[in-house]
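Novice: Provided herewith: data-v1.txt, compact mmCIF, C-alpha atoms.
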# COMPACT_ATOMS: atom_id res chain seq x y z
CA MET O 1 33.41 89.01 157.68
CA ALA O 2 31.40 86.93 155.23
CA THR O 3 31.06 89.97 152.96
CA ARG O 4 34.84 90.49 152.80
CA GLY O 5 35.40 86.83 151.93
CA HIS O 6 32.80 87.03 149.19
CA GLN O 7 34.45 90.12 147.74
CA CYS O 8 37.84 88.42 147.83
CA CYS O 9 36.51 85.48 145.84
CA ARG O 10 35.05 87.80 143.19
CA ASP O 11 38.37 89.58 142.80
CA ARG O 12 40.36 86.37 142.41
CA GLN O 13 41.78 85.74 138.89
CA LEU O 14 40.65 82.47 137.34
CA ARG O 15 43.00 80.67 134.98
CA ALA O 16 41.43 78.15 132.61
CA LEU O 17 43.59 75.78 130.58
CA ARG O 18 42.19 75.46 127.07
CA VAL O 19 42.70 72.08 125.45
CA ILE O 20 42.81 72.14 121.67
CA VAL O 21 42.16 68.84 119.85
CA VAL O 22 43.59 68.48 116.34
CA LYS O 23 41.95 66.17 113.82
CA ASN O 24 44.91 64.26 112.29
CA ARG O 25 44.66 60.58 111.32
CA SER O 26 48.46 60.02 111.14
CA LEU O 27 49.07 61.37 114.62
CA GLY O 28 46.20 59.29 115.96
CA ILE O 29 47.56 56.10 114.45
CA MET O 30 51.05 56.89 115.75
CA TYR O 31 49.69 57.58 119.23
CA ARG O 32 47.71 54.33 119.43
CA GLY O 33 50.65 52.43 117.88
CA VAL O 34 53.03 53.60 120.60
CA GLN O 35 50.54 52.57 123.25
CA LEU O 36 50.15 49.15 121.60
CA LEU O 37 53.93 48.64 121.42
CA ILE O 38 54.31 49.46 125.12
CA LEU O 39 51.55 47.01 126.04
CA LEU O 40 53.05 44.28 123.83
CA TYR O 41 56.49 44.83 125.37
CA PHE O 42 55.22 44.38 128.92
CA ILE O 43 52.83 41.52 128.15
CA TRP O 44 55.05 39.49 125.80
CA TYR O 45 58.61 40.25 126.91
CA VAL O 46 58.38 41.29 130.57
CA PHE O 47 55.64 38.91 131.75
CA ILE O 48 55.81 35.96 129.31
CA ILE O 49 59.50 35.77 128.29
CA GLN O 50 61.19 37.23 131.37
CA LYS O 51 58.43 36.06 133.77
CA GLY O 52 58.32 39.42 135.50
CA TYR O 53 55.75 38.11 137.95
CA GLN O 54 58.30 35.77 139.57
CA GLU O 55 60.99 36.09 142.20
CA ASN O 56 64.23 34.58 140.84
CA GLU O 57 67.33 32.90 142.20
CA THR O 58 70.46 32.12 140.15
CA GLY O 59 73.57 30.09 140.93
CA PRO O 60 72.26 27.01 142.75
CA GLU O 61 74.29 25.11 145.31
CA SER O 62 75.64 22.12 143.43
CA SER O 63 77.60 18.90 143.89
CA VAL O 64 79.14 16.77 141.13
CA VAL O 65 80.36 13.18 141.40
CA THR O 66 81.89 11.40 138.40
CA LYS O 67 82.90 7.83 137.66
CA VAL O 68 84.73 6.49 134.59
CA LYS O 69 84.62 2.90 133.36
CA GLY O 70 86.50 1.09 130.61
CA ILE O 71 89.70 -0.79 129.83
CA SER O 72 92.26 0.13 127.17
CA ARG O 73 95.38 -1.47 125.75
CA SER O 74 98.60 0.00 124.39
CA HIS O 75 101.31 -2.03 122.63
CA SER O 76 102.99 -2.89 125.94
CA LYS O 77 100.28 -3.10 128.63
CA VAL O 78 96.62 -3.05 129.62
CA TRP O 79 95.32 0.18 131.21
CA ASP O 80 92.45 0.27 133.67
CA VAL O 81 90.63 3.14 135.40
CA GLU O 82 93.11 3.37 138.28
CA GLU O 83 95.88 4.26 135.81
CA TYR O 84 94.32 6.49 133.17
CA VAL O 85 91.96 8.67 135.29
CA LYS O 86 93.55 11.54 137.25
CA PRO O 87 92.62 12.34 139.96
CA ALA O 88 90.86 9.19 141.01
CA GLU O 89 88.43 10.85 143.48
CA GLY O 90 85.76 11.53 140.86
CA GLY O 91 85.20 15.27 141.15
CA SER O 92 83.91 17.85 138.71
CA VAL O 93 87.33 18.21 137.04
CA PHE O 94 89.31 15.16 135.92
CA SER O 95 91.42 13.98 133.01
CA ILE O 96 91.50 10.78 130.99
CA LEU O 97 94.89 9.76 129.59
CA THR O 98 94.88 9.10 125.85
CA ARG O 99 98.64 9.05 125.09
CA VAL O 100 101.79 8.85 127.19
CA GLU O 101 105.49 9.43 126.53
CA VAL O 102 107.48 7.35 129.01
CA THR O 103 111.13 7.73 129.92
CA HIS O 104 112.00 4.46 131.66
CA SER O 105 114.62 3.66 134.31
CA GLN O 106 115.80 7.14 135.22
CA THR O 107 118.50 7.33 137.90
CA LEU O 108 120.45 10.21 139.46
CA GLU O 109 123.70 10.44 137.50
CA SER O 110 125.43 12.42 134.74
CA CYS O 111 124.24 12.31 131.13
CA PRO O 112 123.88 14.47 127.97
CA GLU O 113 121.57 17.47 128.29
CA VAL O 114 118.45 17.79 126.14
CA ARG O 115 118.93 19.77 122.94
CA GLU O 116 116.31 21.95 121.31
CA ALA O 117 116.00 23.41 117.82
CA ALA O 118 117.53 26.87 117.30
CA GLY O 119 117.16 28.19 113.78
CA ALA O 120 118.97 25.88 111.39
CA GLY O 121 120.89 24.13 114.18
CA TRP O 122 120.61 22.97 117.78
CA ARG O 123 121.35 24.36 121.20
CA ALA O 124 121.51 22.86 124.66
CA ARG O 125 118.65 23.67 127.03
CA HIS O 126 120.04 25.56 130.03
CA SER O 127 120.17 23.39 133.13
CA PRO O 128 121.55 24.28 136.59
CA GLY O 129 123.31 20.90 136.96
CA ARG O 130 125.92 21.25 134.20
CA THR O 131 129.28 19.62 134.86
CA GLY O 132 131.21 21.73 132.33
CA ARG O 133 132.00 18.82 130.00
CA CYS O 134 130.89 18.39 126.40
CA VAL O 135 129.71 14.88 125.56
CA PRO O 136 128.16 13.11 122.52
CA TYR O 137 124.36 13.26 122.25
CA TYR O 138 122.24 10.11 122.66
CA ASN O 139 121.97 9.23 119.00
CA GLY O 140 125.60 10.15 118.32
CA SER O 141 124.85 13.14 116.10
CA GLY O 142 126.74 16.12 117.50
CA LYS O 143 127.59 16.98 121.09
CA THR O 144 125.88 18.71 124.00
CA CYS O 145 126.59 19.68 127.60
CA GLU O 146 126.72 17.10 130.35
CA VAL O 147 124.35 17.55 133.31
CA THR O 148 123.70 15.87 136.65
CA ALA O 149 120.03 14.93 136.68
CA TRP O 150 117.57 12.06 136.37
CA CYS O 151 119.11 10.22 133.44
CA PRO O 152 118.44 9.56 130.67
CA VAL O 153 116.74 12.94 130.43
CA GLU O 154 113.32 13.33 128.87
CA ASP O 155 113.37 13.35 125.05
CA GLY O 156 116.61 11.46 125.16
CA TRP O 157 115.08 7.99 125.44
CA THR O 158 111.30 8.28 125.33
CA VAL O 159 108.74 5.67 124.33
CA SER O 160 105.28 6.79 123.16
CA GLU O 161 102.19 4.71 123.91
CA SER O 162 98.65 5.48 122.74
CA LEU O 163 95.37 4.60 124.46
CA GLY O 164 93.24 6.45 121.93
CA LYS O 165 91.88 3.51 119.94
CA MET O 166 89.71 2.20 122.78
CA ALA O 167 89.37 5.38 124.83
CA ALA O 168 86.41 6.63 122.78
CA GLN O 169 84.32 3.80 124.28
CA PHE O 170 85.00 4.79 127.90
CA THR O 171 81.80 5.68 129.75
CA ILE O 172 81.47 8.57 132.20
CA LEU O 173 78.78 8.78 134.87
CA ILE O 174 78.11 12.40 135.89
CA LYS O 175 75.87 12.69 138.97
CA ASN O 176 74.70 16.20 139.78
CA ASN O 177 72.50 17.48 142.61
CA ILE O 178 71.36 21.08 142.90
CA HIS O 179 69.62 23.10 145.63
CA PHE O 180 67.96 26.53 145.51
CA PRO O 181 68.02 27.66 149.17
CA ARG O 182 65.63 30.60 148.70
CA PHE O 183 62.85 28.27 147.62
CA GLY O 184 63.99 25.16 149.50
CA PHE O 185 64.01 23.19 146.24
CA SER O 186 66.40 20.32 145.49
CA LYS O 187 66.72 17.90 142.59
CA GLY O 188 69.23 15.54 140.98
CA ASN O 189 69.90 14.32 137.46
CA VAL O 190 69.54 10.62 138.40
CA LYS O 191 66.20 8.94 138.99
CA GLY O 192 66.11 5.76 141.01
CA GLU O 193 62.62 4.41 140.36
CA LYS O 194 63.99 1.28 138.68
CA SER O 195 66.49 -0.96 140.42
CA GLY O 196 69.63 -1.36 138.31
CA TYR O 197 68.46 1.24 135.79
CA LEU O 198 71.92 2.82 135.43
CA LYS O 199 73.56 -0.52 134.68
CA GLY O 200 71.98 -0.85 131.26
CA CYS O 201 71.41 2.66 129.94
CA THR O 202 73.29 5.47 128.23
CA PHE O 203 72.22 9.09 127.93
CA ASN O 204 69.54 9.97 125.41
CA GLU O 205 67.91 13.38 125.53
CA THR O 206 64.53 11.95 124.54
CA THR O 207 64.29 8.51 126.11
CA ASP O 208 66.91 8.51 128.91
CA LEU O 209 67.28 12.09 130.13
CA TYR O 210 67.89 10.90 133.69
CA CYS O 211 70.63 8.42 132.75
CA PRO O 212 73.72 10.67 132.84
CA ILE O 213 76.13 8.08 131.42
CA PHE O 214 78.04 9.45 128.42
CA ARG O 215 80.54 7.86 126.05
CA LEU O 216 83.78 9.84 125.88
CA GLY O 217 83.72 9.71 122.09
CA SER O 218 80.17 11.09 122.05
CA ILE O 219 81.13 14.01 124.31
CA VAL O 220 84.04 14.95 122.04
CA GLU O 221 81.87 14.61 118.94
CA GLN O 222 79.10 16.83 120.36
CA ALA O 223 81.76 19.41 121.23
CA GLY O 224 82.58 19.54 117.51
CA GLU O 225 86.01 17.90 117.73
CA ASN O 226 87.78 14.98 116.06
CA PHE O 227 88.52 12.35 118.69
CA THR O 228 91.74 11.01 117.11
CA THR O 229 93.26 14.49 116.83
CA LEU O 230 92.19 15.47 120.33
CA ALA O 231 93.54 12.24 121.83
CA GLU O 232 96.96 12.87 120.24
CA ARG O 233 97.53 16.40 121.60
CA GLY O 234 95.02 16.54 124.45
CA GLY O 235 92.43 19.20 125.16
CA VAL O 236 89.84 20.53 127.61
CA ILE O 237 86.15 19.78 127.11
CA GLY O 238 83.40 21.49 129.10
CA VAL O 239 80.24 19.60 130.04
CA ILE O 240 77.71 22.32 130.86
CA ILE O 241 74.64 21.31 132.87
CA ASN O 242 71.89 23.92 132.98
CA TRP O 243 68.84 23.87 135.27
CA ASN O 244 66.10 26.32 134.27
CA CYS O 245 63.26 25.71 136.71
CA ASN O 246 59.80 27.29 136.82
CA LEU O 247 58.67 26.38 140.32
CA ASP O 248 55.09 27.42 139.58
CA LEU O 249 54.90 24.17 137.60
CA PRO O 250 55.28 20.60 138.95
CA ASP O 251 58.76 19.32 139.84
CA SER O 252 58.72 17.10 136.74
CA ALA O 253 58.95 20.25 134.59
CA CYS O 254 62.38 21.11 136.05
CA ASN O 255 64.85 19.09 133.98
CA PRO O 256 68.59 19.36 133.27
CA SER O 257 69.91 20.24 129.83
CA TYR O 258 73.42 19.35 128.62
CA SER O 259 75.78 21.06 126.21
CA PHE O 260 79.41 20.38 125.31
CA ARG O 261 82.20 22.58 123.97
CA ARG O 262 85.96 22.80 123.86
CA LEU O 263 87.40 25.23 126.40
CA ASP O 264 91.09 25.50 125.45
CA PRO O 265 91.90 27.75 122.44
CA LYS O 266 92.81 25.27 119.72
CA SER O 267 93.56 28.10 117.26
CA ILE O 268 96.57 29.17 119.39
CA GLN O 269 99.18 26.45 119.03
CA VAL O 270 101.24 27.57 122.04
CA SER O 271 98.36 27.15 124.52
CA SER O 272 96.40 24.45 122.70
CA GLY O 273 96.24 20.90 124.02
CA TYR O 274 96.56 19.43 127.48
CA ASN O 275 99.41 17.48 129.09
CA TYR O 276 101.16 17.06 132.42
CA ARG O 277 103.98 14.99 133.95
CA PHE O 278 104.19 12.58 136.83
CA ALA O 279 106.65 9.89 137.92
CA LYS O 280 106.55 6.40 139.38
CA TYR O 281 109.40 5.63 141.79
CA TYR O 282 110.85 2.25 142.68
CA SER O 283 114.13 0.65 143.76
CA CYS O 284 116.23 -1.40 141.35
CA ASN O 285 119.22 -3.26 142.85
CA GLY O 286 119.26 -0.77 145.71
CA THR O 287 119.26 2.25 143.39
CA ASN O 288 116.48 4.84 143.44
CA THR O 289 114.86 4.65 140.03
CA ARG O 290 111.83 6.18 138.40
CA SER O 291 109.78 6.20 135.22
CA LEU O 292 108.88 9.70 134.04
CA ILE O 293 105.54 9.92 132.24
CA LYS O 294 104.41 12.85 130.11
CA ALA O 295 100.66 12.33 129.84
CA TYR O 296 98.42 13.72 127.13
CA GLY O 297 94.73 13.53 127.82
CA ILE O 298 91.22 14.91 127.61
CA ARG O 299 90.34 16.99 130.63
CA ILE O 300 86.63 17.15 131.50
CA ASP O 301 85.29 20.22 133.33
CA VAL O 302 81.70 19.79 134.56
CA ILE O 303 80.13 23.24 134.90
CA VAL O 304 76.70 23.72 136.47
CA HIS O 305 74.45 26.73 135.84
CA GLY O 306 70.87 27.27 136.88
CA GLN O 307 68.06 29.59 137.81
CA ALA O 308 64.69 29.15 139.45
CA GLY O 309 61.63 31.38 139.57
CA LYS O 310 58.41 31.38 141.56
CA PHE O 311 55.39 33.70 141.67
CA SER O 312 55.76 36.63 144.04
CA LEU O 313 53.42 39.54 144.64
CA ILE O 314 56.13 42.20 144.93
CA PRO O 315 57.72 41.91 141.43
CA THR O 316 54.23 41.51 139.95
CA ILE O 317 53.04 44.80 141.46
CA ILE O 318 56.25 46.60 140.48
CA ASN O 319 56.06 45.51 136.84
CA LEU O 320 52.32 46.20 136.58
CA ALA O 321 52.84 49.69 138.00
CA THR O 322 55.69 50.28 135.54
CA ALA O 323 53.50 49.16 132.63
CA LEU O 324 50.57 51.37 133.63
CA THR O 325 52.89 54.33 134.23
CA SER O 326 54.46 53.93 130.79
CA VAL O 327 51.06 53.88 129.09
CA GLY O 328 49.99 56.84 131.21
CA VAL O 329 53.01 58.91 130.14
CA VAL O 330 52.01 58.46 126.50
CA SER O 331 48.43 59.46 127.33
CA MET O 332 49.65 62.62 129.10
CA CYS O 333 51.61 63.58 125.99
CA SER O 334 48.31 63.70 124.09
CA LEU O 335 47.04 66.45 126.42
CA CYS O 336 49.85 68.91 125.81
CA PRO O 337 49.41 71.65 123.14
CA GLY O 338 50.74 70.46 119.79
CA CYS O 339 50.50 66.68 120.73
CA LEU O 340 46.81 66.30 119.97
CA ALA O 341 45.09 63.80 117.77
CA ARG O 342 41.52 64.95 117.12
CA ALA O 343 39.49 68.15 116.70
CA PRO O 344 35.82 68.92 116.19
CA SER O 345 34.84 70.06 112.74
CA GLY O 346 34.91 73.79 112.18
CA THR O 347 37.87 74.43 114.52
CA ASN O 348 39.55 77.71 113.78
CA PRO O 349 43.13 77.02 112.61
CA ALA O 350 44.27 80.01 114.60
CA LEU O 351 43.40 78.04 117.74
CA LEU O 352 46.25 75.62 116.92
CA LEU O 353 48.76 78.31 117.86
CA PRO O 354 49.88 78.50 121.50
CA ARG O 355 47.65 80.84 123.49
CA ALA O 356 48.13 82.60 126.76
CA PRO O 357 45.85 81.29 129.50
CA SER O 358 42.57 83.20 129.51
CA SER O 359 41.48 84.92 132.69
CA ALA O 360 38.07 85.67 134.14
CA THR O 361 36.76 87.32 137.23
CA GLY O 362 34.13 85.59 139.23
CA SER O 363 33.37 83.50 142.23
CA TYR O 364 33.89 79.81 142.76
Please, can you express the file's structure as structure tokens?
Specialist:
Amino acid sequence: MATRGHQCCRDRQLRALRVIVVKNRSLGIMYRGVQLLILLYFIWYVFIIQKGYQENETGPESSVVTKVKGISRSHSKVWDVEEYVKPAEGGSVFSILTRVEVTHSQTLESCPEVREAAGAGWRARHSPGRTGRCVPYYNGSGKTCEVTAWCPVEDGWTVSESLGKMAAQFTILIKNNIHFPRFGFSKGNVKGEKSGYLKGCTFNETTDLYCPIFRLGSIVEQAGENFTTLAERGGVIGVIINWNCNLDLPDSACNPSYSFRRLDPKSIQVSSGYNYRFAKYYSCNGTNTRSLIKAYGIRIDVIVHGQAGKFSLIPTIINLATALTSVGVVSMCSLCPGCLARAPSGTNPALLLPRAPSSATGSY
């Protein structure tokens, strides 16, 4: 039995893979250069820039509370916070009135309908409450349809009042708290070590990073806008708070950063600006009366972004394995015929051609 096995081994065909090494400086430099680039990519970009050794979480849970302070005056009255901030609750989205167009003492009756420009002339704006009569317009120039509505209608007897001169000095407190549930990490943008600290500070990125009190004029300026122009037509400004936290470092290294930009498309006149209407109702001599207010203002949208990372063994192993595999693939290429970088002196050039595997008969 042993003799038959021995005979079988002698009859077995042996296949030997011959590796040919080519002496070529250019190919050698290219080969080592590719390996170096792969190592630099993983070390510099994957591990240092992208922190591939960390587990990450984006989109923190966030709460925003705002408070506006300041007093302004128009030619007819004094405006305080209760009147020029809408809504008054102090959420992440609110508007500050900078100009109003008021139609006073409107009552339910019949009056001339609003006209609008149509080419070289005028036309009446279609209203469902038309009486069918044609009456003189408010200023006596031409006629228009009569309607049953709150009269006088808007644009017929409107008074404009501006709050813009003093509005730039309004201050806005923006309190933000974030929480990353995966890591159980929470932090806010207000520090309370000093009693009464917020009463005498304004935001400064260098000296008062944790005093989130901003002047309205400063916000508009940092968004790249002219305050006077924006206050006249209104607009939407985004206050973006970004938390980029490396939780392998102390908590003091996790700080908020602020940026500001205009969100409404000012280049498109139809959709540019910001305004809305509301009314104040009262009774005058037993008659239901109201003042209609078209308010232009600066709307503030507080937007919170963030991400946190912390060392984790799993992503570290995955990225290390990927790096070693990538370098190994390049090394394997050097072993295939025609991808070789060095040869001993005296190599026969004919050996550079592909050869069939040699065979030999013998025992293991």
Novice: Using only C-alpha atoms - which residues lie no farther than 7 Å from the point (51.9, 36.5, 141.8) in the file's frame? Write them as a list in words.
Specialist: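 The residues near that point, listed by chain and number, are Tyr53, Gln54, Phe311, Ser312, Leu313 and Thr316 of chain O.
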Novice: To one decimal place in Å, what is the distance between CA of Phe180 in chain O and CA of Pro60 in chain O?
Specialist: 5.1 Å
Novice: Could you please give me, as a list in words, the residues of protein, DNA or RNA lying at most 10 Å from (95.6, 2.6, 119.2) in the coordinate frame of the file, considering all atoms listed in the file?
Specialist: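 So the residues meeting the distance criterion are Ser72, Arg73, Ser74, His75, Thr98, Arg99, Glu161, Ser162, Leu163, Gly164, Lys165, Met166, Ala167 and Thr228 of chain O.
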Novice: Restricting it to C-alpha atoms, dump the selection as an mmCIF file, in the coordinates of the input.
Specialist:
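Result saved to part_17.cif:
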data_model
loop_
_atom_site.group_PDB
_atom_site.id
_atom_site.type_symbol
_atom_site.label_atom_id
_atom_site.label_comp_id
_atom_site.auth_asym_id
_atom_site.auth_seq_id
_atom_site.Cartn_x
_atom_site.Cartn_y
_atom_site.Cartn_z
ATOM 1 C CA SER O 72 92.260 0.130 127.170
ATOM 2 C CA ARG O 73 95.380 -1.470 125.750
ATOM 3 C CA SER O 74 98.600 0.000 124.390
ATOM 4 C CA HIS O 75 101.310 -2.030 122.630
ATOM 5 C CA THR O 98 94.880 9.100 125.850
ATOM 6 C CA ARG O 99 98.640 9.050 125.090
ATOM 7 C CA GLU O 161 102.190 4.710 123.910
ATOM 8 C CA SER O 162 98.650 5.480 122.740
ATOM 9 C CA LEU O 163 95.370 4.600 124.460
ATOM 10 C CA GLY O 164 93.240 6.450 121.930
ATOM 11 C CA LYS O 165 91.880 3.510 119.940
ATOM 12 C CA MET O 166 89.710 2.200 122.780
ATOM 13 C CA ALA O 167 89.370 5.380 124.830
ATOM 14 C CA THR O 228 91.740 11.010 117.110
#
Novice: So how far away is CA of Val68 in chain O from CA of Asn255 in chain O, in Å?
Specialist: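 It comes out at 23.5 Å.
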Novice: Rounded to one decimal in Å, what is the spacing between CA of Ala308 in chain O and CA of Pro256 in chain O?
Specialist: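 Computing it gives 12.2 Å between the two atoms.
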Novice: Could you build a table of the residues in range 48-159 of chain O lying no more than 12 Å from range 279-283 of chain O, giving for each the nearest pair of atoms and their separation in Å rounded to one decimal place, using only C-alpha atoms, ordered by chain and ascending residue number, as JSON lines?
Specialist:
{"residue": "O:Glu83", "atom": "CA", "partner": "O:Lys280", "partner_atom": "CA", "distance": 11.5}
{"residue": "O:Val100", "atom": "CA", "partner": "O:Ala279", "partner_atom": "CA", "distance": 11.8}
{"residue": "O:Glu101", "atom": "CA", "partner": "O:Ala279", "partner_atom": "CA", "distance": 11.5}
{"residue": "O:Val102", "atom": "CA", "partner": "O:Ala279", "partner_atom": "CA", "distance": 9.3}
{"residue": "O:Thr103", "atom": "CA", "partner": "O:Ala279", "partner_atom": "CA", "distance": 9.4}
{"residue": "O:His104", "atom": "CA", "partner": "O:Lys280", "partner_atom": "CA", "distance": 9.6}
{"residue": "O:Ser105", "atom": "CA", "partner": "O:Tyr282", "partner_atom": "CA", "distance": 9.3}
{"residue": "O:Gln106", "atom": "CA", "partner": "O:Tyr281", "partner_atom": "CA", "distance": 9.3}
{"residue": "O:Thr107", "atom": "CA", "partner": "O:Ser283", "partner_atom": "CA", "distance": 9.9}
{"residue": "O:Trp150", "atom": "CA", "partner": "O:Ala279", "partner_atom": "CA", "distance": 11.2}
{"residue": "O:Glu154", "atom": "CA", "partner": "O:Ala279", "partner_atom": "CA", "distance": 11.8}
Novice: Can those selected residues be exported to a file as a short mmCIF file (atom, residue, chain, number, x, y, z; two decimals), keeping the file's coordinate frame so that it contains C-alpha atoms?
Specialist:
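Okay, this is what ended up in result-v8.cif:
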data_model
loop_
_atom_site.label_atom_id
_atom_site.label_comp_id
_atom_site.auth_asym_id
_atom_site.auth_seq_id
_atom_site.Cartn_x
_atom_site.Cartn_y
_atom_site.Cartn_z
CA GLU O 83 95.88 4.26 135.81
CA VAL O 100 101.79 8.85 127.19
CA GLU O 101 105.49 9.43 126.53
CA VAL O 102 107.48 7.35 129.01
CA THR O 103 111.13 7.73 129.92
CA HIS O 104 112.00 4.46 131.66
CA SER O 105 114.62 3.66 134.31
CA GLN O 106 115.80 7.14 135.22
CA THR O 107 118.50 7.33 137.90
CA TRP O 150 117.57 12.06 136.37
CA GLU O 154 113.32 13.33 128.87
#
Novice: Which is closer to Ala223 in chain O than all the others in O:Val34, O:Leu263, O:Val304, O:Leu324, using all atoms listed in the file?
Specialist: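 The closest residue to Ala223 in chain O is O:Leu263.
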Novice: Which is closer to Arg261 in chain O than all the others in O:Lys294, O:Ile240, O:Gly217, O:Gly91, using all atoms listed in the file?
Specialist: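 Selected residue with least distance to Arg261 in chain O: O:Ile240.
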Novice: Just want the 6 Å neighbourhood of Leu97 in chain O, counted on all atoms listed in the file, with same-chain residues fewer than 5 positions away dropped. Output as a VMD selection string.
Specialist: chain O and resid 84 296 to 297
Novice: If you count only C-alpha atoms, which residues fall within 9 Å of Lys175 in chain O, apart from same-chain ones fewer than 5 positions away, as a ChimeraX atom specification?
Specialist: /O:63-67,188-190,212-213
Novice: Take the selection from the previous step and output its residues with C-alpha atoms, as a PDB file, in the frame of the given file.
Specialist:
ATOM      1  CA  SER O  63      77.600  18.900 143.890  1.00  0.00           C
ATOM      2  CA  VAL O  64      79.140  16.770 141.130  1.00  0.00           C
ATOM      3  CA  VAL O  65      80.360  13.180 141.400  1.00  0.00           C
ATOM      4  CA  THR O  66      81.890  11.400 138.400  1.00  0.00           C
ATOM      5  CA  LYS O  67      82.900   7.830 137.660  1.00  0.00           C
ATOM      6  CA  GLY O 188      69.230  15.540 140.980  1.00  0.00           C
ATOM      7  CA  ASN O 189      69.900  14.320 137.460  1.00  0.00           C
ATOM      8  CA  VAL O 190      69.540  10.620 138.400  1.00  0.00           C
ATOM      9  CA  PRO O 212      73.720  10.670 132.840  1.00  0.00           C
ATOM     10  CA  ILE O 213      76.130   8.080 131.420  1.00  0.00           C
TER      11      ILE O 213
END
Novice: Of the candidates O:Val135, O:Ser252, O:Trp44, O:Gly52, which shows the shortest atom-to-atom distance to Leu320 in chain O, using all atoms listed in the file?
Specialist: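 Among the listed residues, O:Gly52 lies closest to Leu320 in chain O.
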Novice: For each of O:Val220, O:Cys211, O:Cys245, O:Val236, take the minimum atom-to-atom distance to His179 in chain O, counting only C-alpha atoms, then give the residue where this is smallest.
Specialist: O:Cys245
Novice: List as a list in words the protein and nucleic acid residues near Gly132 in chain O, meaning an atom at most 12 Å away when all atoms listed in the file are counted, but skip any in the same chain fewer than 2 places from it.
Specialist: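 Here the answer would be Ser110, Cys111, Pro112, Glu113, Ser127, Pro128, Gly129, Arg130, Cys134, Val135, Thr144, Cys145, Glu146, Val147 and Thr148 of chain O.
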Novice: What would range 307-319 of chain O look like if you wrote it out as a compact mmCIF listing (two decimals), in the first residue's frame, with N, CA and C atoms included, from the block I just posted?
Specialist:
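Written file, decode28.txt:
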# COMPACT_ATOMS: atom_id res chain seq x y z
N GLN O 307 -22.37 67.85 15.11
CA GLN O 307 -21.92 66.47 15.07
C GLN O 307 -20.93 66.24 16.19
N ALA O 308 -20.91 65.01 16.67
CA ALA O 308 -20.00 64.64 17.75
C ALA O 308 -19.35 63.31 17.41
N GLY O 309 -18.09 63.17 17.81
CA GLY O 309 -17.37 61.93 17.56
C GLY O 309 -16.58 61.49 18.79
N LYS O 310 -16.46 60.18 18.95
CA LYS O 310 -15.73 59.63 20.09
C LYS O 310 -15.07 58.33 19.65
N PHE O 311 -13.87 58.06 20.21
CA PHE O 311 -13.11 56.87 19.81
C PHE O 311 -13.95 55.60 19.99
N SER O 312 -13.86 54.74 18.96
CA SER O 312 -14.53 53.45 19.00
C SER O 312 -13.66 52.42 18.30
N LEU O 313 -13.59 51.23 18.85
CA LEU O 313 -12.71 50.20 18.32
C LEU O 313 -13.18 49.70 16.95
N ILE O 314 -14.47 49.63 16.73
CA ILE O 314 -14.99 49.04 15.49
C ILE O 314 -14.59 49.86 14.27
N PRO O 315 -14.89 51.17 14.18
CA PRO O 315 -14.46 51.92 12.99
C PRO O 315 -12.94 51.97 12.84
N THR O 316 -12.21 51.93 13.96
CA THR O 316 -10.75 51.92 13.88
C THR O 316 -10.25 50.67 13.18
N ILE O 317 -10.77 49.51 13.58
CA ILE O 317 -10.36 48.23 12.97
C ILE O 317 -10.76 48.19 11.50
N ILE O 318 -11.96 48.66 11.19
CA ILE O 318 -12.43 48.64 9.80
C ILE O 318 -11.53 49.49 8.90
N ASN O 319 -11.20 50.69 9.34
CA ASN O 319 -10.38 51.57 8.51
C ASN O 319 -8.93 51.09 8.43
